[in-house]
$ cat entry.tsv   # TSV, C-alpha atoms
chain	number	residue	atom	x	y	z
A	1	MET	CA	0.00	0.00	0.00
A	2	SER	CA	1.43	3.36	-1.02
A	3	THR	CA	2.44	5.94	1.56
A	4	THR	CA	0.63	9.25	1.04
A	5	THR	CA	2.79	12.31	1.60
A	6	LEU	CA	2.25	16.06	1.37
A	7	ILE	CA	5.15	18.49	0.89
A	8	THR	CA	4.64	22.24	1.03
A	9	GLY	CA	6.79	24.41	-1.21
A	10	ALA	CA	7.42	21.36	-3.37
A	11	ASN	CA	7.62	22.99	-6.79
A	12	LYS	CA	11.37	23.68	-6.61
A	13	GLY	CA	14.55	23.28	-4.56
A	14	LEU	CA	14.57	21.01	-1.53
A	15	GLY	CA	10.83	20.42	-1.67
A	16	PHE	CA	10.96	19.19	-5.25
A	17	GLU	CA	14.00	16.99	-4.61
A	18	THR	CA	12.41	15.53	-1.48
A	19	ALA	CA	9.33	14.70	-3.54
A	20	ARG	CA	11.48	13.05	-6.19
A	21	GLN	CA	13.31	10.89	-3.65
A	22	LEU	CA	10.17	9.88	-1.77
A	23	ILE	CA	8.36	8.97	-4.99
A	24	ALA	CA	11.36	6.78	-5.84
A	25	ALA	CA	10.90	5.17	-2.40
A	26	GLY	CA	7.26	4.34	-3.21
A	27	HIS	CA	5.36	7.33	-1.84
A	28	THR	CA	2.45	9.06	-3.54
A	29	VAL	CA	3.25	12.75	-3.07
A	30	TYR	CA	0.98	15.76	-2.99
A	31	VAL	CA	3.12	18.49	-4.51
A	32	GLY	CA	2.15	21.66	-2.67
A	33	ALA	CA	2.61	25.05	-4.33
A	34	ARG	CA	0.88	28.42	-4.17
A	35	SER	CA	-0.50	28.29	-7.72
A	36	GLN	CA	-2.09	25.65	-9.90
A	37	ALA	CA	0.46	26.34	-12.62
A	38	LYS	CA	3.45	25.72	-10.33
A	39	ALA	CA	1.91	22.67	-8.65
A	40	GLY	CA	0.83	21.19	-11.97
A	41	GLN	CA	4.18	21.72	-13.68
A	42	ALA	CA	6.10	20.15	-10.80
A	43	ALA	CA	3.72	17.18	-10.63
A	44	ARG	CA	4.08	16.58	-14.38
A	45	GLU	CA	7.86	16.59	-14.04
A	46	LEU	CA	7.75	14.19	-11.09
A	47	GLY	CA	5.51	11.68	-12.84
A	48	ALA	CA	2.51	9.47	-12.18
A	49	ASN	CA	2.82	9.27	-8.38
A	50	ALA	CA	2.78	13.05	-7.93
A	51	ARG	CA	-0.44	14.96	-7.37
A	52	PRO	CA	-0.67	18.76	-7.65
A	53	LEU	CA	-2.04	20.56	-4.62
A	54	VAL	CA	-2.64	24.30	-4.46
A	55	ILE	CA	-1.79	25.48	-0.96
A	56	ASP	CA	-0.65	28.78	0.52
A	57	VAL	CA	0.43	28.23	4.12
A	58	THR	CA	-0.23	31.91	4.95
A	59	ASP	CA	-3.92	31.58	4.02
A	60	ASP	CA	-6.26	29.70	6.38
A	61	ALA	CA	-8.88	29.16	3.68
A	62	SER	CA	-6.27	27.77	1.25
A	63	VAL	CA	-4.96	25.32	3.86
A	64	LYS	CA	-8.48	24.20	4.77
A	65	THR	CA	-9.40	23.65	1.11
A	66	ALA	CA	-6.22	21.64	0.56
A	67	ALA	CA	-7.00	19.45	3.57
A	68	GLN	CA	-10.48	18.82	2.23
A	69	GLN	CA	-9.01	17.78	-1.13
A	70	VAL	CA	-6.59	15.35	0.49
A	71	GLU	CA	-9.36	13.89	2.65
A	72	THR	CA	-11.66	13.46	-0.35
A	73	GLU	CA	-9.01	11.87	-2.55
A	74	SER	CA	-7.02	9.84	-0.02
A	75	GLY	CA	-8.99	9.68	3.23
A	76	SER	CA	-5.85	10.07	5.35
A	77	LEU	CA	-2.29	11.38	5.26
A	78	ASP	CA	0.80	9.43	6.26
A	79	VAL	CA	3.54	12.05	6.04
A	80	LEU	CA	3.51	15.84	6.18
A	81	VAL	CA	6.68	17.73	5.24
A	82	ASN	CA	6.46	21.38	6.28
A	83	ASN	CA	9.02	22.76	3.86
A	84	ALA	CA	7.61	26.12	2.68
A	85	GLY	CA	9.63	29.05	3.94
A	86	ILE	CA	10.97	32.50	3.17
A	87	ALA	CA	14.19	34.36	4.04
A	88	ASP	CA	14.91	37.73	5.60
A	89	PRO	CA	14.41	40.72	3.35
A	90	SER	CA	17.68	42.17	2.00
A	91	ASP	CA	18.18	45.15	4.28
A	92	ASP	CA	21.41	46.04	6.10
A	93	ASP	CA	19.40	47.75	8.82
A	94	GLY	CA	17.66	44.50	9.71
A	95	PRO	CA	14.00	43.55	9.44
A	96	THR	CA	11.21	45.97	10.23
A	97	GLY	CA	8.25	44.90	12.34
A	98	PRO	CA	6.18	44.10	9.24
A	99	ASP	CA	9.14	42.16	7.78
A	100	MET	CA	9.33	40.04	10.92
A	101	LEU	CA	5.61	39.37	10.88
A	102	THR	CA	5.78	38.29	7.24
A	103	VAL	CA	8.62	35.82	7.88
A	104	LEU	CA	6.99	34.41	11.02
A	105	ASP	CA	3.62	34.09	9.28
A	106	THR	CA	5.10	31.82	6.62
A	107	ASN	CA	7.79	29.94	8.53
A	108	VAL	CA	6.09	29.49	11.90
A	109	VAL	CA	2.36	30.23	11.76
A	110	GLY	CA	2.26	28.33	8.47
A	111	ILE	CA	3.19	25.17	10.36
A	112	VAL	CA	0.51	25.89	12.95
A	113	ARG	CA	-2.09	26.21	10.18
A	114	MET	CA	-0.91	22.95	8.62
A	115	MET	CA	-1.00	21.04	11.89
A	116	HIS	CA	-4.44	22.36	12.77
A	117	ALA	CA	-5.88	21.32	9.40
A	118	PHE	CA	-4.00	18.08	8.78
A	119	ALA	CA	-3.53	16.51	12.24
A	120	PRO	CA	-6.87	14.62	11.97
A	121	LEU	CA	-5.78	13.14	8.63
A	122	LEU	CA	-2.31	12.29	9.97
A	123	GLN	CA	-3.91	10.50	12.93
A	124	ARG	CA	-5.73	8.24	10.45
A	125	GLY	CA	-2.45	7.54	8.65
A	126	ARG	CA	1.12	6.88	9.79
A	127	GLY	CA	1.34	10.25	11.54
A	128	ILE	CA	4.78	11.42	10.49
A	129	VAL	CA	5.60	15.14	10.43
A	130	VAL	CA	8.90	16.58	9.23
A	131	ASN	CA	9.49	20.26	9.93
A	132	VAL	CA	12.28	21.69	7.79
A	133	GLY	CA	14.29	23.76	10.22
A	134	SER	CA	17.84	25.06	10.00
A	135	GLY	CA	21.13	25.11	11.82
A	136	LEU	CA	20.56	28.87	11.75
A	137	GLY	CA	17.79	28.24	14.28
A	138	SER	CA	20.15	26.38	16.62
A	139	PHE	CA	21.41	28.37	19.62
A	140	GLY	CA	24.32	25.94	19.87
A	141	ARG	CA	25.44	26.53	16.32
A	142	THR	CA	24.74	30.24	15.93
A	143	THR	CA	26.78	31.00	19.08
A	144	ASP	CA	29.73	28.92	17.82
A	145	LEU	CA	31.89	31.41	15.91
A	146	SER	CA	33.90	28.59	14.34
A	147	ARG	CA	30.84	27.48	12.36
A	148	MET	CA	29.21	29.05	9.31
A	149	GLU	CA	25.99	29.55	11.31
A	150	GLY	CA	27.86	31.79	13.76
A	151	GLN	CA	29.30	34.08	11.11
A	152	PHE	CA	26.39	36.31	10.19
A	153	ALA	CA	23.08	37.69	11.44
A	154	SER	CA	19.69	36.96	9.91
A	155	PRO	CA	17.28	38.01	12.67
A	156	ALA	CA	13.88	37.15	11.22
A	157	TYR	CA	14.83	33.88	9.53
A	158	ASN	CA	16.93	32.59	12.43
A	159	ALA	CA	14.28	33.48	15.00
A	160	SER	CA	11.63	31.78	12.89
A	161	LYS	CA	13.65	28.59	12.62
A	162	ALA	CA	14.31	28.56	16.37
A	163	ALA	CA	10.54	28.81	16.79
A	164	VAL	CA	10.08	25.88	14.38
A	165	SER	CA	12.24	23.75	16.67
A	166	MET	CA	10.14	24.69	19.70
A	167	LEU	CA	6.92	24.00	17.80
A	168	THR	CA	8.29	20.57	16.96
A	169	VAL	CA	8.96	19.74	20.60
A	170	GLN	CA	5.54	20.97	21.66
A	171	TYR	CA	3.62	19.13	18.93
A	172	ALA	CA	5.56	15.95	19.75
A	173	LYS	CA	4.16	16.27	23.29
A	174	MET	CA	0.64	17.04	22.04
A	175	TYR	CA	0.58	14.04	19.71
A	176	PRO	CA	2.68	11.32	21.37
A	177	GLU	CA	1.35	8.69	18.96
A	178	MET	CA	2.82	10.60	16.00
A	179	ARG	CA	6.48	11.00	14.95
A	180	ILE	CA	7.21	14.75	14.72
A	181	ASN	CA	10.79	15.87	14.12
A	182	VAL	CA	12.72	18.89	12.87
A	183	VAL	CA	15.64	18.58	10.47
A	184	ASP	CA	18.44	20.83	9.26
A	185	PRO	CA	19.03	20.19	5.54
A	186	GLY	CA	22.37	22.02	5.72
A	187	PHE	CA	23.72	24.79	3.51
A	188	THR	CA	22.29	23.59	0.20
A	189	ALA	CA	22.61	25.26	-3.20
A	190	THR	CA	19.09	26.41	-4.12
A	191	ASP	CA	17.34	29.56	-5.34
A	192	PHE	CA	16.73	30.32	-1.67
A	193	ASN	CA	20.37	31.37	-1.19
A	194	GLY	CA	21.27	32.28	-4.75
A	195	ASN	CA	22.79	28.80	-5.22
A	196	THR	CA	25.66	29.67	-2.86
A	197	GLY	CA	25.20	26.53	-0.74
A	198	ILE	CA	27.99	23.97	-0.46
A	199	GLN	CA	25.74	20.89	-0.69
A	200	THR	CA	23.83	19.55	-3.66
A	201	VAL	CA	20.06	19.54	-3.45
A	202	ALA	CA	20.16	15.73	-3.31
A	203	GLU	CA	22.42	15.90	-0.25
A	204	GLY	CA	20.23	18.56	1.33
A	205	ALA	CA	17.15	16.38	0.99
A	206	GLU	CA	18.75	13.40	2.76
A	207	ALA	CA	17.79	14.38	6.31
A	208	ILE	CA	14.24	15.27	5.25
A	209	VAL	CA	13.76	11.97	3.43
A	210	ALA	CA	15.15	9.98	6.36
A	211	ALA	CA	12.80	11.70	8.82
A	212	ALA	CA	9.87	11.06	6.47
A	213	GLN	CA	10.52	7.33	6.66
A	214	VAL	CA	10.84	6.74	10.42
A	215	SER	CA	9.04	3.75	11.88
A	216	ALA	CA	6.16	3.89	14.33
A	217	GLU	CA	8.73	3.20	17.07
A	218	GLY	CA	11.14	5.81	15.74
A	219	PRO	CA	12.25	9.05	17.37
A	220	THR	CA	10.00	12.02	17.94
A	221	GLY	CA	10.73	15.56	19.12
A	222	THR	CA	14.30	15.42	17.79
A	223	PHE	CA	16.55	17.79	15.79
A	224	THR	CA	18.87	16.15	13.27
A	225	ASP	CA	20.85	16.70	10.07
A	226	ARG	CA	22.43	14.20	7.69
A	227	GLN	CA	25.31	13.66	10.15
A	228	GLY	CA	23.17	13.09	13.25
A	229	ASP	CA	21.90	15.14	16.19
A	230	VAL	CA	21.86	18.94	16.03
A	231	PRO	CA	22.20	21.00	19.25
A	232	TRP	CA	19.11	23.02	20.12

$ encode --input "entry.tsv" --output "structure tokens"
Amino acid sequence: MSTTTLITGANKGLGFETARQLIAAGHTVYVGARSQAKAGQAARELGANARPLVIDVTDDASVKTAAQQVETESGSLDVLVNNAGIADPSDDDGPTGPDMLTVLDTNVVGIVRMMHAFAPLLQRGRGIVVNVGSGLGSFGRTTDLSRMEGQFASPAYNASKAAVSMLTVQYAKMYPEMRINVVDPGFTATDFNGNTGIQTVAEGAEAIVAAAQVSAEGPTGTFTDRQGDVPW
């Protein structure tokens, strides 16, 4: 029986590559994107086991409609990958209040909207949630000046990813029967960073794909990358 998976922000970059790898592993993947054109194009490229899904994680009505579509078509959901995210605006003076709200609305509140709408479907399925976090949200790594994460400031993005880690821990407590983990893909070359990352997109997707395939007895409430545990 196929595993049914939903990935937000799946039309390009890490989301698209994660979809490709999970389809190869036997999953049927809902390819989430903010427009029908983007979702449809990505699904066509990914092949028969990809399904387009229009979803904007900043819009409650969009998320609710997407959940209704998944329920109608599949009845349940096995895996949710919360991948959609945005970066800090390019401003040397740092983010404004509205900038911060925009980043948090996508990167943090977007996950809250997804969990609220899809938790009932996940409870009918395997109940695996993968939150795509970042080493830039790790206090341990961003305070280590010997690491890349400690070399620069990105207030809105880093704060949002720290919040994603806390959300993960809290949801793991709320839903002990589910497997809910946060992963750091690492510094991966994608449009998100102007392709400056030092990892390939296939390497960046490894931790996400691994967390999407944990067993019912697997870890929950953890923070990992492709090398292992990440400090909070």

$ residues_around --input "entry.tsv" --residues "region 35-41 of chain A" --least-positions-apart "2" --cutoff "10 Å" --atoms "only C-alpha atoms" --output "count of residues only"
19

$ residues_near_point --input "entry.tsv" --point "(-5.6, 8.7, 6.2)" --cutoff "8 Å" --atoms "all atoms listed in the file" --output "list in words"
Glu71, Ser74, Gly75, Ser76, Leu77, Asp78, Leu121, Leu122, Gln123, Arg124, Gly125 and Arg126 of chain A

$ write_last_selection --input "entry.tsv" --atoms "C-alpha atoms" --output "mmCIF file, keeping the file's coordinate frame"
data_model
loop_
_atom_site.group_PDB
_atom_site.id
_atom_site.type_symbol
_atom_site.label_atom_id
_atom_site.label_comp_id
_atom_site.auth_asym_id
_atom_site.auth_seq_id
_atom_site.Cartn_x
_atom_site.Cartn_y
_atom_site.Cartn_z
ATOM 1 C CA GLU A 71 -9.360 13.890 2.650
ATOM 2 C CA SER A 74 -7.020 9.840 -0.020
ATOM 3 C CA GLY A 75 -8.990 9.680 3.230
ATOM 4 C CA SER A 76 -5.850 10.070 5.350
ATOM 5 C CA LEU A 77 -2.290 11.380 5.260
ATOM 6 C CA ASP A 78 0.800 9.430 6.260
ATOM 7 C CA LEU A 121 -5.780 13.140 8.630
ATOM 8 C CA LEU A 122 -2.310 12.290 9.970
ATOM 9 C CA GLN A 123 -3.910 10.500 12.930
ATOM 10 C CA ARG A 124 -5.730 8.240 10.450
ATOM 11 C CA GLY A 125 -2.450 7.540 8.650
ATOM 12 C CA ARG A 126 1.120 6.880 9.790
#

$ atom_distance --input "entry.tsv" --atom1 "CA of Leu145 (chain A)" --atom2 "CA of Val169 (chain A)"
26.2 Å

$ atom_distance --input "entry.tsv" --atom1 "CA of Ala48 (chain A)" --atom2 "CA of Ala210 (chain A)"
22.4 Å

$ residues_around --input "entry.tsv" --residues "Pro95 (chain A)" --least-positions-apart "3" --cutoff "12 Å" --atoms "only C-alpha atoms" --output "PyMOL selection string"
chain A and resi 87-92+98-104+153-159

$ residues_near_point --input "entry.tsv" --point "(8.8, 17.7, 9.6)" --cutoff "9 Å" --atoms "only C-alpha atoms" --output "count of residues only"
20

$ atom_distance --input "entry.tsv" --atom1 "CA of Arg147 (chain A)" --atom2 "CA of Lys161 (chain A)"
17.2 Å

$ closest_residue --input "entry.tsv" --among "A:Leu136, A:Ala172, A:Met1, A:Val201" --to "Gln21 (chain A)" --atoms "only C-alpha atoms"
A:Val201

$ closest_residue --input "entry.tsv" --among "A:Met115, A:Gly127, A:Glu73, A:Glu17" --to "Gln213 (chain A)" --atoms "all atoms listed in the file"
A:Gly127

$ closest_residue --input "entry.tsv" --among "A:Met178, A:Met148, A:Ile86, A:Ile7" --to "His27 (chain A)" --atoms "only C-alpha atoms"
A:Ile7

$ closest_residue --input "entry.tsv" --among "A:Pro120, A:Pro176, A:Gly135, A:Gly15" --to "Ala67 (chain A)" --atoms "only C-alpha atoms"
A:Pro120
